[in-house]
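Student: Input structure: input-v4.csv, which contains CSV, C-alpha atoms and all ligand atoms.
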```csv
chain,number,residue,atom,x,y,z
J,982,MET,CA,35.4,-54.3,-113.7
J,983,THR,CA,37.6,-56.6,-111.8
J,984,THR,CA,37.1,-57.5,-108.2
J,985,GLN,CA,40.0,-58.1,-105.9
J,986,THR,CA,39.9,-61.8,-105.1
J,987,PHE,CA,43.2,-62.2,-103.3
J,988,LYS,CA,43.4,-61.7,-99.6
J,989,LYS,CA,45.4,-58.8,-98.2
J,990,ILE,CA,48.1,-59.3,-95.7
J,991,PRO,CA,46.8,-57.2,-92.7
J,992,TYR,CA,49.2,-55.0,-90.7
J,993,GLY,CA,48.4,-57.0,-87.6
J,994,ARG,CA,46.5,-60.0,-86.4
J,995,GLN,CA,46.1,-62.4,-83.5
J,996,TRP,CA,47.6,-65.8,-83.1
J,997,VAL,CA,45.2,-68.2,-81.4
J,998,GLY,CA,45.6,-71.9,-81.0
J,999,ARG,CA,43.9,-75.0,-79.7
J,1000,GLU,CA,45.0,-74.2,-76.1
J,1001,GLU,CA,42.9,-71.0,-76.1
J,1002,ILE,CA,39.9,-72.9,-77.6
J,1003,ARG,CA,40.2,-75.6,-75.0
J,1004,ALA,CA,40.4,-73.0,-72.2
J,1005,VAL,CA,37.4,-71.1,-73.4
J,1006,THR,CA,35.4,-74.4,-73.6
J,1007,GLU,CA,36.3,-75.2,-70.1
J,1008,VAL,CA,35.1,-71.9,-68.8
J,1009,LEU,CA,31.8,-72.2,-70.8
J,1010,LYS,CA,31.1,-75.5,-69.0
J,1011,SER,CA,32.0,-74.1,-65.6
J,1012,ASP,CA,29.9,-72.2,-63.0
J,1013,PHE,CA,31.3,-68.8,-63.7
J,1014,LEU,CA,31.5,-67.0,-67.1
J,1015,THR,CA,32.5,-63.8,-65.2
J,1016,GLN,CA,33.6,-62.9,-61.7
J,1017,GLY,CA,35.1,-66.4,-61.3
J,1018,ALA,CA,38.6,-67.6,-60.6
J,1019,LYS,CA,40.1,-67.1,-64.1
J,1020,VAL,CA,40.4,-63.3,-63.8
J,1021,PRO,CA,42.5,-63.3,-60.6
J,1022,GLU,CA,44.6,-66.2,-62.1
J,1023,PHE,CA,45.2,-64.1,-65.2
J,1024,GLU,CA,46.0,-61.1,-63.1
J,1025,ARG,CA,48.6,-63.0,-61.1
J,1026,ALA,CA,50.2,-64.4,-64.3
J,1027,LEU,CA,50.4,-61.0,-65.9
J,1028,ALA,CA,51.9,-59.4,-62.7
J,1029,ARG,CA,54.5,-62.2,-62.6
J,1030,LYS,CA,55.3,-61.8,-66.3
J,1031,VAL,CA,56.0,-58.0,-66.1
J,1032,GLY,CA,57.4,-58.0,-62.5
J,1033,SER,CA,54.7,-55.9,-60.8
J,1034,ASP,CA,53.1,-56.5,-57.4
J,1035,TYR,CA,49.6,-56.2,-58.8
J,1036,ALA,CA,47.6,-56.3,-62.0
J,1037,VAL,CA,44.0,-55.3,-62.4
J,1038,ALA,CA,42.2,-56.7,-65.5
J,1039,VAL,CA,39.6,-54.6,-67.2
J,1040,ALA,CA,37.4,-54.6,-70.3
J,1041,ASN,CA,39.9,-53.0,-72.7
J,1042,GLY,CA,42.9,-50.7,-72.8
J,1043,THR,CA,40.8,-47.6,-73.0
J,1044,ALA,CA,39.0,-48.6,-69.8
J,1045,ALA,CA,42.5,-49.2,-68.2
J,1046,LEU,CA,43.5,-45.6,-69.1
J,1047,HIS,CA,40.2,-44.2,-68.0
J,1048,LEU,CA,40.5,-45.9,-64.5
J,1049,ALA,CA,44.1,-44.9,-64.2
J,1050,ALA,CA,43.1,-41.3,-64.8
J,1051,ILE,CA,40.3,-41.4,-62.3
J,1052,ALA,CA,42.4,-43.2,-59.7
J,1053,LEU,CA,44.9,-40.3,-59.8
J,1054,GLU,CA,41.9,-38.1,-58.9
J,1055,LEU,CA,42.5,-35.7,-61.8
J,1056,LYS,CA,40.1,-32.8,-61.8
J,1057,PRO,CA,39.0,-29.9,-64.0
J,1058,GLY,CA,41.8,-27.4,-64.2
J,1059,ASP,CA,44.5,-30.1,-63.9
J,1060,GLU,CA,46.9,-30.5,-66.8
J,1061,VAL,CA,48.5,-33.8,-68.0
J,1062,ILE,CA,51.4,-33.8,-70.3
J,1063,THR,CA,51.1,-36.4,-73.0
J,1064,THR,CA,52.3,-37.4,-76.5
J,1065,PRO,CA,50.7,-36.4,-79.8
J,1066,ILE,CA,51.8,-39.7,-81.4
J,1067,SER,CA,49.7,-42.4,-79.8
J,1068,PHE,CA,46.3,-44.0,-80.2
J,1069,LEU,CA,43.5,-41.5,-79.4
J,1070,ALA,CA,42.6,-43.3,-76.1
J,1071,THR,CA,45.8,-42.1,-74.3
J,1072,SER,CA,44.7,-38.4,-74.3
J,1073,ASN,CA,41.0,-39.1,-74.4
J,1074,ALA,CA,41.3,-40.7,-71.0
J,1075,ILE,CA,42.7,-37.4,-69.6
J,1076,ILE,CA,39.6,-35.6,-70.9
J,1077,TYR,CA,37.3,-38.3,-69.5
J,1078,ALA,CA,38.6,-37.5,-66.1
J,1079,GLY,CA,38.0,-33.8,-66.7
J,1080,ALA,CA,41.6,-32.7,-67.0
J,1081,ARG,CA,43.4,-31.1,-69.9
J,1082,PRO,CA,45.9,-32.9,-72.1
J,1083,VAL,CA,49.0,-30.8,-73.0
J,1084,PHE,CA,51.0,-32.2,-75.9
J,1085,GLY,CA,54.8,-32.4,-75.8
J,1086,ASP,CA,56.6,-33.1,-79.0
J,1087,ILE,CA,58.2,-36.5,-79.7
J,1088,ASP,CA,61.8,-37.6,-80.0
J,1089,PRO,CA,62.3,-38.0,-83.8
J,1090,GLU,CA,64.3,-41.2,-83.3
J,1091,THR,CA,61.9,-43.2,-81.2
J,1092,GLN,CA,58.7,-41.4,-81.7
J,1093,CYS,CA,58.1,-41.4,-77.9
J,1094,ILE,CA,57.6,-38.1,-76.1
J,1095,ASP,CA,60.9,-36.2,-75.7
J,1096,PRO,CA,61.5,-35.6,-71.9
J,1097,ARG,CA,62.8,-32.1,-72.7
J,1098,ASN,CA,59.3,-31.3,-74.1
J,1099,ILE,CA,57.8,-32.6,-70.9
J,1100,GLU,CA,59.9,-30.3,-68.8
J,1101,SER,CA,59.1,-27.2,-71.0
J,1102,LYS,CA,55.4,-27.8,-70.6
J,1103,ILE,CA,55.2,-28.1,-66.8
J,1104,THR,CA,53.1,-25.4,-65.1
J,1105,LYS,CA,51.6,-25.0,-61.6
J,1106,ARG,CA,48.6,-27.0,-62.9
J,1107,THR,CA,50.5,-30.0,-64.1
J,1108,ARG,CA,49.5,-33.2,-62.2
J,1109,ALA,CA,50.7,-36.1,-64.3
J,1110,ILE,CA,52.4,-37.4,-67.4
J,1111,PHE,CA,50.9,-40.0,-69.7
J,1112,VAL,CA,53.6,-41.6,-71.8
J,1113,THR,CA,53.3,-44.1,-74.6
J,1114,ASP,CA,56.0,-46.7,-75.5
J,1115,PHE,CA,55.5,-46.1,-79.2
J,1116,ALA,CA,55.5,-49.2,-81.5
J,1117,GLY,CA,57.0,-51.2,-78.6
J,1118,HIS,CA,60.1,-49.2,-77.9
J,1119,PRO,CA,60.1,-47.8,-74.4
J,1120,ALA,CA,60.0,-44.0,-73.8
J,1121,ASP,CA,62.9,-42.5,-71.9
J,1122,MET,CA,61.4,-43.6,-68.7
J,1123,ALA,CA,64.3,-43.1,-66.3
J,1124,VAL,CA,64.6,-39.5,-67.3
J,1125,ILE,CA,60.9,-38.9,-67.2
J,1126,TYR,CA,60.8,-40.5,-63.7
J,1127,ASP,CA,63.4,-38.0,-62.5
J,1128,ILE,CA,61.4,-35.1,-63.9
J,1129,ALA,CA,58.2,-36.4,-62.3
J,1130,GLY,CA,60.0,-36.8,-59.0
J,1131,LYS,CA,61.3,-33.2,-59.1
J,1132,HIS,CA,57.9,-31.8,-59.8
J,1133,LYS,CA,55.8,-34.2,-57.8
J,1134,LEU,CA,53.9,-35.6,-60.9
J,1135,LYS,CA,52.3,-39.0,-61.4
J,1136,ILE,CA,53.3,-41.2,-64.3
J,1137,VAL,CA,50.9,-43.4,-66.3
J,1138,GLU,CA,52.8,-45.5,-68.9
J,1139,ASP,CA,50.6,-46.6,-71.9
J,1140,ALA,CA,52.3,-49.9,-72.7
J,1141,ALA,CA,49.6,-51.1,-75.1
J,1142,HIS,CA,52.4,-51.6,-77.6
J,1143,ALA,CA,55.0,-52.8,-75.2
J,1144,LEU,CA,54.2,-56.0,-73.3
J,1145,GLY,CA,57.6,-57.8,-73.0
J,1146,SER,CA,59.6,-54.7,-73.6
J,1147,VAL,CA,62.6,-53.7,-71.3
J,1148,CYS,CA,63.7,-50.3,-70.3
J,1149,GLY,CA,67.2,-49.8,-68.8
J,1150,GLY,CA,67.1,-53.2,-67.1
J,1151,SER,CA,63.5,-53.0,-65.9
J,1152,ARG,CA,60.6,-54.8,-67.5
J,1153,VAL,CA,57.9,-52.5,-68.9
J,1154,GLY,CA,54.9,-53.0,-66.6
J,1155,SER,CA,57.1,-53.5,-63.5
J,1156,CYS,CA,56.3,-49.9,-62.7
J,1157,ARG,CA,59.9,-49.2,-61.8
J,1158,TYR,CA,59.4,-45.8,-63.5
J,1159,ALA,CA,55.6,-45.4,-63.4
J,1160,ASP,CA,52.8,-45.3,-60.9
J,1161,MET,CA,50.6,-47.3,-63.2
J,1162,THR,CA,51.2,-49.1,-66.5
J,1163,ILE,CA,48.4,-50.0,-68.8
J,1164,PHE,CA,48.1,-52.8,-71.4
J,1165,SER,CA,45.6,-53.6,-74.2
J,1166,PHE,CA,44.7,-57.1,-75.3
J,1167,HIS,CA,43.0,-56.1,-78.6
J,1168,PRO,CA,43.8,-58.7,-81.3
J,1169,VAL,CA,46.5,-56.6,-83.0
J,1170,LYS,CA,48.5,-56.3,-79.7
J,1171,HIS,CA,51.1,-58.7,-78.3
J,1172,ILE,CA,48.5,-60.9,-76.6
J,1173,THR,CA,44.8,-60.9,-77.0
J,1174,THR,CA,41.6,-61.7,-75.0
J,1175,GLY,CA,39.4,-60.4,-77.9
J,1176,GLU,CA,38.9,-57.1,-76.1
J,1177,GLY,CA,40.7,-56.6,-72.8
J,1178,GLY,CA,43.1,-54.6,-70.9
J,1179,ALA,CA,44.9,-54.3,-67.6
J,1180,ILE,CA,46.6,-51.9,-65.2
J,1181,THR,CA,49.8,-52.9,-63.3
J,1182,THR,CA,51.0,-51.1,-60.2
J,1183,ASN,CA,53.0,-51.6,-57.0
J,1184,ASP,CA,50.8,-49.4,-55.0
J,1185,SER,CA,48.3,-51.4,-53.0
J,1186,GLN,CA,46.0,-48.4,-52.5
J,1187,LEU,CA,45.8,-47.7,-56.2
J,1188,ARG,CA,45.1,-51.3,-56.8
J,1189,GLU,CA,42.2,-51.3,-54.4
J,1190,LYS,CA,40.8,-48.1,-56.0
J,1191,LEU,CA,41.1,-49.6,-59.5
J,1192,ARG,CA,39.4,-52.8,-58.4
J,1193,GLU,CA,36.5,-50.8,-56.9
J,1194,LEU,CA,36.2,-48.5,-59.9
J,1195,ARG,CA,35.9,-51.4,-62.4
J,1196,THR,CA,32.9,-52.7,-60.6
J,1197,HIS,CA,30.6,-49.7,-60.0
J,1198,GLY,CA,32.7,-48.2,-57.1
J,1199,VAL,CA,31.2,-51.0,-54.9
J,1200,THR,CA,33.0,-52.7,-52.0
J,1201,ARG,CA,32.0,-55.6,-49.8
J,1202,ASP,CA,35.3,-55.6,-47.9
J,1203,PRO,CA,34.4,-55.4,-44.1
J,1204,GLN,CA,37.6,-53.4,-43.5
J,1205,LYS,CA,36.6,-50.7,-45.9
J,1206,LEU,CA,32.9,-50.3,-45.1
J,1207,LEU,CA,32.0,-46.8,-44.0
J,1208,ASN,CA,28.8,-47.8,-42.2
J,1209,LYS,CA,27.9,-50.8,-40.0
J,1210,LYS,CA,27.4,-54.0,-42.0
J,1211,GLN,CA,23.7,-54.7,-42.1
J,1212,GLY,CA,23.9,-58.3,-43.0
J,1213,GLY,CA,25.5,-60.8,-45.3
J,1214,TRP,CA,24.2,-59.1,-48.4
J,1215,TYR,CA,25.6,-55.7,-47.5
J,1216,TYR,CA,27.7,-53.7,-49.9
J,1217,GLU,CA,28.5,-50.0,-50.3
J,1218,MET,CA,29.0,-47.8,-53.3
J,1219,GLN,CA,31.7,-45.4,-52.2
J,1220,SER,CA,32.6,-43.8,-55.5
J,1221,LEU,CA,31.2,-43.5,-59.0
J,1222,GLY,CA,32.6,-46.5,-60.8
J,1223,PHE,CA,31.8,-48.5,-64.0
J,1224,ASN,CA,31.2,-52.0,-65.3
J,1225,TYR,CA,34.7,-52.4,-66.8
J,1226,ARG,CA,35.2,-56.0,-65.9
J,1227,LEU,CA,37.0,-58.6,-68.0
J,1228,THR,CA,35.1,-61.9,-68.2
J,1229,ASP,CA,36.5,-65.3,-67.2
J,1230,ILE,CA,36.1,-66.4,-70.8
J,1231,GLN,CA,38.5,-63.7,-71.8
J,1232,ALA,CA,40.8,-64.2,-68.9
J,1233,ALA,CA,41.1,-67.9,-69.9
J,1234,ILE,CA,42.3,-66.8,-73.4
J,1235,GLY,CA,44.7,-64.4,-71.8
J,1236,ILE,CA,46.3,-67.1,-69.5
J,1237,GLU,CA,47.1,-69.2,-72.6
J,1238,GLN,CA,48.3,-66.2,-74.6
J,1239,LEU,CA,50.7,-65.1,-71.8
J,1240,LYS,CA,52.4,-68.5,-71.9
J,1241,LYS,CA,53.1,-67.9,-75.6
J,1242,SER,CA,54.0,-64.2,-75.4
J,1243,GLY,CA,57.8,-64.8,-75.2
J,1244,ARG,CA,57.7,-66.7,-78.5
J,1245,PHE,CA,55.4,-64.1,-80.1
J,1246,ILE,CA,57.9,-61.4,-79.3
J,1247,GLU,CA,60.9,-63.4,-80.5
J,1248,ARG,CA,59.1,-63.9,-83.9
J,1249,ARG,CA,58.3,-60.2,-84.1
J,1250,ARG,CA,61.9,-59.3,-83.5
J,1251,GLU,CA,63.0,-61.9,-86.1
J,1252,ILE,CA,60.7,-60.3,-88.7
J,1253,ALA,CA,62.0,-56.8,-87.8
J,1254,LYS,CA,65.5,-58.0,-88.3
J,1255,LYS,CA,64.7,-59.3,-91.8
J,1256,TYR,CA,63.0,-56.0,-92.8
J,1257,THR,CA,65.8,-53.9,-91.4
J,1258,ARG,CA,68.5,-55.9,-93.1
J,1259,ALA,CA,66.6,-55.9,-96.5
J,1260,PHE,CA,66.0,-52.1,-96.4
J,1261,SER,CA,69.5,-51.2,-95.4
J,1262,ASP,CA,70.4,-50.6,-99.1
J,1263,LEU,CA,67.5,-48.3,-99.7
J,1264,PRO,CA,68.6,-44.8,-98.6
J,1265,GLY,CA,65.1,-43.4,-99.0
J,1266,ILE,CA,63.8,-45.8,-96.3
J,1267,LEU,CA,64.5,-45.1,-92.7
J,1268,THR,CA,64.1,-48.1,-90.4
J,1269,PRO,CA,63.3,-48.2,-86.7
J,1270,VAL,CA,66.0,-47.9,-84.1
J,1271,GLU,CA,66.5,-49.8,-80.9
J,1272,ARG,CA,68.5,-47.9,-78.2
J,1273,SER,CA,71.2,-49.9,-76.5
J,1274,ASN,CA,69.6,-50.1,-73.0
J,1275,MET,CA,66.1,-50.9,-74.4
J,1276,LYS,CA,64.3,-53.8,-75.9
J,1277,HIS,CA,62.0,-53.1,-78.8
J,1278,VAL,CA,59.1,-55.6,-79.1
J,1279,TYR,CA,57.8,-54.3,-82.4
J,1280,HIS,CA,54.0,-54.0,-82.0
J,1281,LEU,CA,54.5,-52.0,-85.1
J,1282,TYR,CA,57.3,-51.9,-87.7
J,1283,VAL,CA,57.2,-48.3,-89.0
J,1284,ILE,CA,59.4,-47.2,-91.9
J,1285,ARG,CA,59.8,-43.5,-92.9
J,1286,LEU,CA,60.1,-42.2,-96.4
J,1287,GLN,CA,63.0,-39.7,-96.6
J,1288,GLY,CA,65.4,-38.0,-99.0
J,1289,LYS,CA,64.2,-38.6,-102.6
J,1290,PHE,CA,61.2,-40.6,-101.3
J,1291,ALA,CA,60.0,-37.7,-99.1
J,1292,GLY,CA,56.4,-36.6,-100.0
J,1293,LYS,CA,55.6,-39.9,-101.7
J,1294,ARG,CA,53.9,-41.6,-98.8
J,1295,GLN,CA,50.4,-41.7,-100.4
J,1296,ILE,CA,51.7,-43.3,-103.6
J,1297,PHE,CA,53.8,-45.7,-101.6
J,1298,PHE,CA,50.8,-46.7,-99.4
J,1299,GLU,CA,48.5,-47.2,-102.4
J,1300,GLN,CA,51.1,-49.3,-104.3
J,1301,LEU,CA,51.5,-51.5,-101.2
J,1302,HIS,CA,47.7,-52.0,-101.1
J,1303,LYS,CA,47.6,-52.8,-104.8
J,1304,ARG,CA,50.1,-55.5,-104.1
J,1305,GLY,CA,47.9,-57.0,-101.4
J,1306,ILE,CA,49.8,-55.5,-98.5
J,1307,GLY,CA,47.6,-53.9,-95.8
J,1308,ALA,CA,50.0,-51.2,-94.7
J,1309,GLN,CA,48.7,-48.7,-92.2
J,1310,VAL,CA,49.7,-45.3,-90.8
J,1311,HIS,CA,50.1,-44.9,-87.0
J,1312,TYR,CA,49.2,-42.2,-86.1
J,1313,ILE,CA,47.7,-39.0,-87.2
J,1314,PRO,CA,48.9,-36.5,-84.5
J,1315,ILE,CA,46.1,-36.4,-82.0
J,1316,PRO,CA,45.9,-32.6,-81.7
J,1317,GLU,CA,45.1,-32.4,-85.4
J,1318,GLN,CA,41.9,-34.5,-85.0
J,1319,PRO,CA,38.7,-32.4,-85.6
J,1320,TYR,CA,37.5,-32.9,-82.0
J,1321,TYR,CA,40.8,-31.7,-80.6
J,1322,ARG,CA,40.9,-28.8,-83.1
J,1323,SER,CA,37.4,-27.9,-81.8
J,1324,LEU,CA,39.0,-27.6,-78.3
J,1325,GLY,CA,41.6,-25.2,-79.7
J,1326,TYR,CA,44.5,-27.7,-80.1
J,1327,THR,CA,46.9,-27.7,-83.0
J,1328,ALA,CA,50.1,-29.7,-83.7
J,1329,GLU,CA,52.0,-26.6,-84.7
J,1330,ASP,CA,54.2,-26.8,-81.7
J,1331,CYS,CA,54.9,-30.4,-82.3
J,1332,PRO,CA,56.9,-30.3,-85.6
J,1333,ASN,CA,58.6,-33.6,-85.0
J,1334,ALA,CA,55.2,-35.3,-84.7
J,1335,ARG,CA,54.0,-33.6,-87.9
J,1336,SER,CA,57.0,-34.6,-90.0
J,1337,TYR,CA,56.9,-38.1,-88.6
J,1338,TYR,CA,53.3,-38.4,-89.6
J,1339,ALA,CA,53.9,-37.2,-93.1
J,1340,SER,CA,56.6,-39.9,-93.7
J,1341,ALA,CA,55.4,-42.9,-91.8
J,1342,VAL,CA,54.1,-46.3,-93.1
J,1343,SER,CA,53.5,-49.3,-90.8
J,1344,LEU,CA,54.3,-52.6,-92.6
J,1345,PRO,CA,52.6,-55.9,-91.6
J,1346,MET,CA,54.0,-57.1,-88.3
J,1347,TYR,CA,52.6,-60.1,-86.3
J,1348,PRO,CA,54.0,-63.4,-85.2
J,1349,GLY,CA,51.9,-65.5,-87.7
J,1350,LEU,CA,53.5,-63.7,-90.7
J,1351,THR,CA,55.3,-66.4,-92.7
J,1352,ASN,CA,58.8,-66.0,-94.1
J,1353,THR,CA,57.2,-66.2,-97.6
J,1354,GLU,CA,54.9,-63.3,-96.7
J,1355,VAL,CA,57.8,-61.3,-95.2
J,1356,HIS,CA,59.8,-61.8,-98.4
J,1357,SER,CA,56.9,-60.8,-100.6
J,1358,ILE,CA,56.5,-57.6,-98.5
J,1359,ILE,CA,60.2,-56.9,-98.9
J,1360,LYS,CA,60.0,-57.5,-102.6
J,1361,ALA,CA,57.0,-55.2,-102.9
J,1362,VAL,CA,58.8,-52.4,-101.1
J,1363,LYS,CA,61.9,-52.8,-103.2
J,1364,ASP,CA,59.8,-53.0,-106.4
J,1365,ILE,CA,58.0,-49.7,-105.5
J,1366,CYS,CA,61.3,-48.0,-104.6
J,1367,HIS,CA,63.1,-49.1,-107.8
J,1368,ARG,CA,60.3,-49.0,-110.4
J,1369,ILE,CA,57.7,-46.5,-109.2
J,1370,PHE,CA,60.1,-44.0,-107.6
J,1371,ARG,CA,62.9,-44.4,-110.2
M,1401,LIG,C1,45.3,-50.2,-78.5
M,1401,LIG,C2,45.7,-49.0,-77.7
M,1401,LIG,C3,44.9,-48.4,-76.7
M,1401,LIG,C4,43.5,-48.8,-76.4
M,1401,LIG,O1,43.3,-50.1,-76.2
M,1401,LIG,P1,41.9,-50.8,-76.4
M,1401,LIG,O2,42.1,-52.2,-75.8
M,1401,LIG,O3,41.7,-50.9,-77.9
M,1401,LIG,O4,40.9,-50.0,-75.8
M,1401,LIG,C5,45.5,-47.4,-75.9
M,1401,LIG,N1,46.7,-46.9,-76.2
M,1401,LIG,C6,47.4,-47.4,-77.2
M,1401,LIG,C7,48.8,-46.8,-77.5
M,1401,LIG,C8,47.0,-48.4,-78.0
M,1401,LIG,O5,47.7,-48.9,-79.1
```
Go through the file and emit its structure as C-alpha cells.
Tutor:
Amino acid sequence: MTTQTFKKIPYGRQWVGREEIRAVTEVLKSDFLTQGAKVPEFERALARKVGSDYAVAVANGTAALHLAAIALELKPGDEVITTPISFLATSNAIIYAGARPVFGDIDPETQCIDPRNIESKITKRTRAIFVTDFAGHPADMAVIYDIAGKHKLKIVEDAAHALGSVCGGSRVGSCRYADMTIFSFHPVKHITTGEGGAITTNDSQLREKLRELRTHGVTRDPQKLLNKKQGGWYYEMQSLGFNYRLTDIQAAIGIEQLKKSGRFIERRREIAKKYTRAFSDLPGILTPVERSNMKHVYHLYVIRLQGKFAGKRQIFFEQLHKRGIGAQVHYIPIPEQPYYRSLGYTAEDCPNARSYYASAVSLPMYPGLTNTEVHSIIKAVKDICHRIFR
C-alpha cells in the first residue's frame, strides 16, 4: 500500500505575515485581550474600507447573520426569501430567529438569487430578503433593492465571499442596497481573524441593537437605561443577547489583514484571469462571468462541466485530487440537506440550483497560490479533459 506523501493544494487558505504576528504579540502584552481598543479600531477601519457608516465586529460570520436576523425582529410565521446556493449559515440564521426561509432559484449565470424568483415568492408574510454575493460576484442588488422597497422588505446581504466587491458603482458593504451586510473572517475568506465576522450598516439604531445583542443584550449607556441608575456599577439587560464578541487579539489581526486586502483581491483576480484564459479552448468547461457593472473578487473560482463533460463531475473531482489538487464543491443546494428535507423542503422548484450543483467544481483560489501552482492546476485540468475524457 502506498501512502500519499505529497501535500495537496487546498481550495483556499489564509495569507498571514509578520505584521499580524507582531500585532498579536502587542495585544498579548497589553492590558486588554478582549473589550479593549483594537475592536473599535478594526470596526472603524472596516467601515472606512467598505464605505459604511458603521461596522459591528462579532465572533464569526454565522453570528453576524444570527444577530442581523434578530435585529430585524423576525418572528415565527414570518417568511424570508433566500438563496439555495450559499453556505448553510445564510438560511440557518433565518431559522434561528424563528422565521421560515423560502428559497428562490438562482440566476444560472452568476449563481446569485434571481430577482424574478424573489418577486414570485413574496406573500403577505414575507418580511425580508437574505441575499448571497456568490463566489464574490454581487447579486443583482439594485433590482432587489427596488423589489424590497415596493414590498417594504428588509435586505440582509451575505457578503462573506465579497469583501472588496463593487456593485453598480457602490462598494459591497456600503449598504447602498442593503439594511445590513455581513462578512466572515474565516481563514478561507478574503481576510481572516482566525474566526470572526462583522455586520455593516448605515442605520444607527440597528448598530446599537447589534452592539447590545453581541454582549448579552446588556447596556450601560445612561441615555438608554429604562430604570434609574443605581450606581457606577449599574447595567441593564434589555433583550436576550449572546456572547458573540470578537477579541482584541483577533481584531489586531484583522487590522493588518485589511491593509493588505486590496493586494489579496488583485492577486485573486490575476489568478482568475489565468484560469479563464487557459480554459477558453476547452468547450466542456464553463468559466465564471463578471457582469459589466460589477467587480468579481473571486472568493471562489467555480468551473462547470458542460456539453460532453456533463455528468462527469465525480471523475473530474477524483482525478484532480489524485493529482494533488484539493478541489471542492460549493454548494449542495441547502433545501436538499437532510435537516431541511425533514422540515419539508426540496430543491425541486430550484432547477437552476440543481443543475448548477451537478456540474460545479471549485478550483484552488487564494492569494498565496504561486504561478507554478496555478500552471500545474491548469495542466491537470487540461490533462483530465484530453486524456480521461477523450
Ligand atoms: C463562510 C460563510 C458564512 C459563515 O461564516 P463563518 O465565519 O464561518 O461563521 C456565511 N455565509 C457564507 C456565504 C459563507 O461563505
Student: Identify, counting all atoms listed in the file, the protein, DNA and RNA residues located within 9 Å of ligand LIG 1401 (chain M), and give them as an MDAnalysis selection string.
Tutor: chainID J and resid 1040:1046 1066:1072 1113:1116 1139:1143 1163:1170 1175:1179 1280
Student: Using only C-alpha atoms, please write the residues we just selected to a file, as an mmCIF file, keeping the file's coordinate frame.
Tutor:
```
data_model
loop_
_atom_site.group_PDB
_atom_site.id
_atom_site.type_symbol
_atom_site.label_atom_id
_atom_site.label_comp_id
_atom_site.auth_asym_id
_atom_site.auth_seq_id
_atom_site.Cartn_x
_atom_site.Cartn_y
_atom_site.Cartn_z
ATOM 1 C CA ALA J 1040 37.400 -54.600 -70.300
ATOM 2 C CA ASN J 1041 39.900 -53.000 -72.700
ATOM 3 C CA GLY J 1042 42.900 -50.700 -72.800
ATOM 4 C CA THR J 1043 40.800 -47.600 -73.000
ATOM 5 C CA ALA J 1044 39.000 -48.600 -69.800
ATOM 6 C CA ALA J 1045 42.500 -49.200 -68.200
ATOM 7 C CA LEU J 1046 43.500 -45.600 -69.100
ATOM 8 C CA ILE J 1066 51.800 -39.700 -81.400
ATOM 9 C CA SER J 1067 49.700 -42.400 -79.800
ATOM 10 C CA PHE J 1068 46.300 -44.000 -80.200
ATOM 11 C CA LEU J 1069 43.500 -41.500 -79.400
ATOM 12 C CA ALA J 1070 42.600 -43.300 -76.100
ATOM 13 C CA THR J 1071 45.800 -42.100 -74.300
ATOM 14 C CA SER J 1072 44.700 -38.400 -74.300
ATOM 15 C CA THR J 1113 53.300 -44.100 -74.600
ATOM 16 C CA ASP J 1114 56.000 -46.700 -75.500
ATOM 17 C CA PHE J 1115 55.500 -46.100 -79.200
ATOM 18 C CA ALA J 1116 55.500 -49.200 -81.500
ATOM 19 C CA ASP J 1139 50.600 -46.600 -71.900
ATOM 20 C CA ALA J 1140 52.300 -49.900 -72.700
ATOM 21 C CA ALA J 1141 49.600 -51.100 -75.100
ATOM 22 C CA HIS J 1142 52.400 -51.600 -77.600
ATOM 23 C CA ALA J 1143 55.000 -52.800 -75.200
ATOM 24 C CA ILE J 1163 48.400 -50.000 -68.800
ATOM 25 C CA PHE J 1164 48.100 -52.800 -71.400
ATOM 26 C CA SER J 1165 45.600 -53.600 -74.200
ATOM 27 C CA PHE J 1166 44.700 -57.100 -75.300
ATOM 28 C CA HIS J 1167 43.000 -56.100 -78.600
ATOM 29 C CA PRO J 1168 43.800 -58.700 -81.300
ATOM 30 C CA VAL J 1169 46.500 -56.600 -83.000
ATOM 31 C CA LYS J 1170 48.500 -56.300 -79.700
ATOM 32 C CA GLY J 1175 39.400 -60.400 -77.900
ATOM 33 C CA GLU J 1176 38.900 -57.100 -76.100
ATOM 34 C CA GLY J 1177 40.700 -56.600 -72.800
ATOM 35 C CA GLY J 1178 43.100 -54.600 -70.900
ATOM 36 C CA ALA J 1179 44.900 -54.300 -67.600
ATOM 37 C CA HIS J 1280 54.000 -54.000 -82.000
#
```
Student: Which residues are close to J:Asp1086, i.e. within 6 Å by only C-alpha atoms, leaving aside same-chain residues fewer than 3 positions away? Reply as a PDB file with C-alpha atoms, keeping the file's coordinate frame.
Tutor:
```
ATOM      1  CA  ILE J1094      57.600 -38.100 -76.100  1.00  0.00           C
ATOM      2  CA  ASN J1098      59.300 -31.300 -74.100  1.00  0.00           C
ATOM      3  CA  CYS J1331      54.900 -30.400 -82.300  1.00  0.00           C
TER       4      CYS J1331
END
```
Student: Please determine, counting only C-alpha atoms, which residue among J:Ile1136, J:Ala1038, J:Ile1358, J:Ala1018 has the shortest atom-to-atom distance to J:Arg1188.
Tutor: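 Closest to J:Arg1188 of all the choices is J:Ala1038.
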Student: Taking only C-alpha atoms into account, which of J:Tyr1126, J:Leu1281, J:Glu1251, J:Gly1235 comes nearest J:Val1005?
Tutor: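 Residue with the minimum atom-to-atom distance to J:Val1005: J:Gly1235.
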Student: To one decimal place in Å, what is the distance between atom CA of J:Ser1185 and atom CA of J:Gln1231?
Tutor: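 Distance between the two atoms: 24.5 Å.
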Student: Would you list the residues near (52.3, -25.0, -64.8), meaning any protein, DNA or RNA residue with an atom at most 12 Å from that point in file coordinates, counting all atoms listed in the file, as a PyMOL selection string?
Tutor: chain J and resi 1058-1062+1081+1083+1099-1109+1132+1134
Student: For stretch 1007-1009 of chain J, please output as a PDB file with C-alpha atoms, in the coordinates of the input all residues within 8 Å (counting all atoms listed in the file; exclusion window: fewer than 4 positions along the same chain).
Tutor:
```pdb
ATOM      1  CA  ARG J1003      40.200 -75.600 -75.000  1.00  0.00           C
ATOM      2  CA  PHE J1013      31.300 -68.800 -63.700  1.00  0.00           C
ATOM      3  CA  LEU J1014      31.500 -67.000 -67.100  1.00  0.00           C
ATOM      4  CA  ASP J1229      36.500 -65.300 -67.200  1.00  0.00           C
ATOM      5  CA  ILE J1230      36.100 -66.400 -70.800  1.00  0.00           C
ATOM      6  CA  ALA J1233      41.100 -67.900 -69.900  1.00  0.00           C
TER       7      ALA J1233
END
```
